[in-house]
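Scroll down for the structure; my scribbles are underneath it.
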Amino acid sequence: MKEDKKEIRKWLTLILVAIVGYWAINNLSTIGNLIGKIISIIFPFILGGSLAFILNIPMTFFERKLSPISKTKKNMKKKNPRKKSKLLRIIAILFAIAVIILIFTLIVKLIVPELISVVTTLMNNVPFYVEEITKFAQNNIGNSQEINNLIQQINIDEIKKQILDLIPNVLTSSISIVGGIVSGIVNFVISVIFALYILMDKEKLKKQVIRIIYAYFNRKRADKIINLGRTTSNIFKKFFTVQCLEATILGSLCLIGMLILRIPYAISISVLIGVTALIPVVGSFIGIIVGVILIVAVEPIKAIVFVIFVLILQQIEGNLIYPRVVGSSVGLPGMWVLFAVTVGGSLAGILGMLIGVPVATVIYTFLREDVLEKEKFIYG
């Protein structure tokens with residue numbers, strides 16, 4: 001009788017899964033819109049959790065360094081230990097935020113003034129560029145009968161009408177952009193507040209999550225889930241720390257090379273390339289574009305030298321430095337590092353490149369452990 005009930009339950013489950021699967025296949029757009037809506041609602045909290053994870057790295061460092069200060073004889077009386085630990089946590093959070101703001105400010109001060117200077121120079125040279133274009137047009141276009149006929153066919157009234165028709169669209173787009181900016185600021189503020197809540201009560205949250213896991217899963221499975229979470233957290237922490245080290249190495253090599261080659265804006269461009277190198281393997285190409293804009297306004301020939309130099313440096317970094325430094329630190333072979341970055345970028349763009357390596361490391365680590373466990377079971 002019990003076996004019959006199990007068999008009936010099994011078939012009912014299969015039928016239910018088939019019905020749900022059939023409905024899902026025929027309503028993919030509806031499911032996609034629903035998932036997008038849910039993600040847009042919880043996005044500030046996802047961002048807040050990510051900020052908390054990143055801030056936790058320097059916060060833990062400062063908390064560890066400041067903790068001996070709180071262990072003086074006066075504090076050993078243990079009056080309100082919880083209050084003292086919260087005060088220490090607040091100070092550590094403030095130090096972590098201050099360091100990040102300081103680094104960001106330093107980067108902006110090194111790069112933005114140079115960009116403004118270049119744009120100003122280009123704007124001041126606009127009359128010269130216009131004069132050169134006019135001379136070129138007079139010497140070439142004036143002798144072309146086909147171009148002259150094309151110019152005569154241009155309807156100025158029609159162009160004015162099209163421009164007037166575009167004005168409402170421009171206003172609508174401007175309002176939409178302003179609304180998006182305001183929404184982004186609100187979401188960011190919510191994310192920061194949520195991140196601070198997480199950092200202040202991270203131990204309590206950790207205990208609550210562990211209790212929930214053990215409440216809903218058997219002990220063996222709960223141990224595996226907790227081990228997965230702990231290993232994932234450690235791998236991501238190590239990856240982001242080493243990624244910053246690798247970006248520093250690339251920026252330093254770029255600075256040395258640019259100084260040797262006497263390329264202008266060496267410090268500003270090297271800092272920019274170091275920052276953009278936080279995006280694995282291909283990030284520094286973003287820095288190349290800005291670097292070329294800066295250099296070409298001063299010494300166009302040097303811009304060509306700069307591009308060749310950075311492309312060579314990028315190949316060395318992408319194929320030698322990055323796989324060895326990052327791969328060896330997180331325990332992922334260099335071949336799989338390149339694979340993770342390529343696949344991650346194809347699936348999720350820049351975000352995929354950022355998290356591709358740690359995600360691949362987590363999969364690689366647990367797959368290796370599972371294989372070893374099965375080999376022990378088979379071969380003894």
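Each chain of the structure tokens is named A, B, ... in the order shown, its residues numbered from 1; ligands are numbered from 1 in display order.
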
Shell around range 308-322 of chain A at 12 Å using only C-alpha atoms, local window under 6 positions removed, as a PDB file with C-alpha atoms, in the first residue's frame:
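Done, and the output landed in part20.pdb:
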```
ATOM      1  CA  PHE A 239      40.442  37.167  -5.318  1.00  0.00           C
ATOM      2  CA  VAL A 242      44.959  39.869  -5.197  1.00  0.00           C
ATOM      3  CA  GLN A 243      43.128  41.603  -8.059  1.00  0.00           C
ATOM      4  CA  CYS A 244      44.028  44.944  -6.479  1.00  0.00           C
ATOM      5  CA  LEU A 245      47.655  43.755  -6.169  1.00  0.00           C
ATOM      6  CA  GLU A 246      47.719  42.735  -9.834  1.00  0.00           C
ATOM      7  CA  ALA A 247      46.262  46.106 -10.898  1.00  0.00           C
ATOM      8  CA  THR A 248      48.976  47.859  -8.868  1.00  0.00           C
ATOM      9  CA  ILE A 249      51.672  45.782 -10.606  1.00  0.00           C
ATOM     10  CA  LEU A 250      50.282  46.633 -14.052  1.00  0.00           C
ATOM     11  CA  GLY A 251      49.997  50.352 -13.222  1.00  0.00           C
ATOM     12  CA  SER A 252      53.586  50.392 -11.918  1.00  0.00           C
ATOM     13  CA  LEU A 253      54.949  48.635 -15.031  1.00  0.00           C
ATOM     14  CA  CYS A 254      53.024  51.085 -17.214  1.00  0.00           C
ATOM     15  CA  LEU A 255      54.460  54.048 -15.308  1.00  0.00           C
ATOM     16  CA  ILE A 256      58.037  52.748 -15.619  1.00  0.00           C
ATOM     17  CA  GLY A 257      57.625  52.101 -19.355  1.00  0.00           C
ATOM     18  CA  MET A 258      56.040  55.494 -20.041  1.00  0.00           C
ATOM     19  CA  LEU A 259      58.809  57.302 -18.146  1.00  0.00           C
ATOM     20  CA  ILE A 260      61.483  55.412 -20.096  1.00  0.00           C
ATOM     21  CA  LEU A 261      59.751  56.205 -23.413  1.00  0.00           C
ATOM     22  CA  ARG A 262      59.178  59.841 -22.302  1.00  0.00           C
ATOM     23  CA  ILE A 263      55.434  59.657 -22.961  1.00  0.00           C
ATOM     24  CA  ILE A 269      47.505  57.434 -17.453  1.00  0.00           C
ATOM     25  CA  SER A 270      49.287  54.745 -15.393  1.00  0.00           C
ATOM     26  CA  ILE A 273      45.202  51.847 -16.480  1.00  0.00           C
ATOM     27  CA  GLY A 274      45.814  50.386 -13.023  1.00  0.00           C
ATOM     28  CA  ALA A 277      42.778  46.713 -14.803  1.00  0.00           C
ATOM     29  CA  LEU A 278      40.510  45.700 -11.920  1.00  0.00           C
ATOM     30  CA  ILE A 279      38.390  44.359 -14.789  1.00  0.00           C
ATOM     31  CA  PRO A 280      40.355  41.164 -15.526  1.00  0.00           C
ATOM     32  CA  VAL A 281      42.549  40.794 -18.630  1.00  0.00           C
ATOM     33  CA  VAL A 282      40.794  43.370 -20.892  1.00  0.00           C
ATOM     34  CA  GLY A 283      40.111  46.252 -18.480  1.00  0.00           C
ATOM     35  CA  SER A 284      43.214  48.252 -19.297  1.00  0.00           C
ATOM     36  CA  PHE A 285      41.989  48.714 -22.908  1.00  0.00           C
ATOM     37  CA  ILE A 286      39.556  51.270 -21.463  1.00  0.00           C
ATOM     38  CA  GLY A 287      42.550  53.170 -20.115  1.00  0.00           C
ATOM     39  CA  ILE A 288      44.196  53.073 -23.546  1.00  0.00           C
ATOM     40  CA  ILE A 289      41.360  55.075 -25.124  1.00  0.00           C
ATOM     41  CA  GLY A 291      45.320  57.782 -22.627  1.00  0.00           C
ATOM     42  CA  VAL A 292      45.345  58.279 -26.398  1.00  0.00           C
ATOM     43  CA  ILE A 301      53.448  60.545 -32.520  1.00  0.00           C
ATOM     44  CA  LYS A 302      53.846  59.562 -28.853  1.00  0.00           C
ATOM     45  CA  SER A 328      48.055  30.772  -8.005  1.00  0.00           C
ATOM     46  CA  SER A 329      46.495  32.827  -5.196  1.00  0.00           C
ATOM     47  CA  VAL A 330      42.982  31.421  -5.594  1.00  0.00           C
ATOM     48  CA  LEU A 332      42.884  28.014 -10.141  1.00  0.00           C
ATOM     49  CA  PRO A 333      45.247  27.004 -12.981  1.00  0.00           C
ATOM     50  CA  GLY A 334      46.126  29.782 -15.437  1.00  0.00           C
ATOM     51  CA  MET A 335      44.361  28.008 -18.321  1.00  0.00           C
ATOM     52  CA  TRP A 336      41.050  28.044 -16.396  1.00  0.00           C
ATOM     53  CA  VAL A 337      41.549  31.690 -15.404  1.00  0.00           C
ATOM     54  CA  LEU A 338      41.584  32.681 -19.077  1.00  0.00           C
ATOM     55  CA  PHE A 339      38.622  30.377 -19.719  1.00  0.00           C
ATOM     56  CA  VAL A 341      37.288  35.482 -17.958  1.00  0.00           C
ATOM     57  CA  THR A 342      36.332  34.713 -21.566  1.00  0.00           C
ATOM     58  CA  VAL A 357      37.383  33.820 -11.892  1.00  0.00           C
TER      59      VAL A 357
END
```

So how many Å separate CA of Ile91 in chain A and CA of Ile46 in chain A, to one decimal? 24.5 Å

Taken to one decimal, the CA of Ile97 in chain A-CA of Asn234 in chain A distance is 21.4 Å

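CA of Ile90 in chain A sits 11.1 Å away from CA of Asp201 in chain A.
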
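When only C-alpha atoms are used to measure the gap to Val362 in chain A, the shortest distance among A:Phe61, A:Phe236, A:Phe194, A:Trp23 belongs to A:Phe236.
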
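Among the candidate residues A:Lys109, A:Arg211, A:Lys220, A:Arg64, the one lying nearest to Ala92 in chain A is A:Arg64, with distances computed using only C-alpha atoms.
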
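For the set A:Ser85, A:Ala297, A:Asn56, A:Lys224, the residue with the smallest atom-to-atom gap to Asp370 in chain A is A:Lys224, counting only C-alpha atoms.
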
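In this comparison, which uses only C-alpha atoms, the residue of A:Val298, A:Val119, A:Ile38, A:Leu94 approaching Met200 in chain A most closely is A:Leu94.
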
Of the residues A:Lys10, A:Arg230, A:Lys374, A:Arg89, which is the one nearest to Lys206 in chain A, using only C-alpha atoms? A:Arg230

Spatial neighbours of Thr232 in chain A, max dist 9 Å, only C-alpha atoms, sep filter under 5 positions, as number ranges by chain: A: 227, 237, 358-359, 361-362
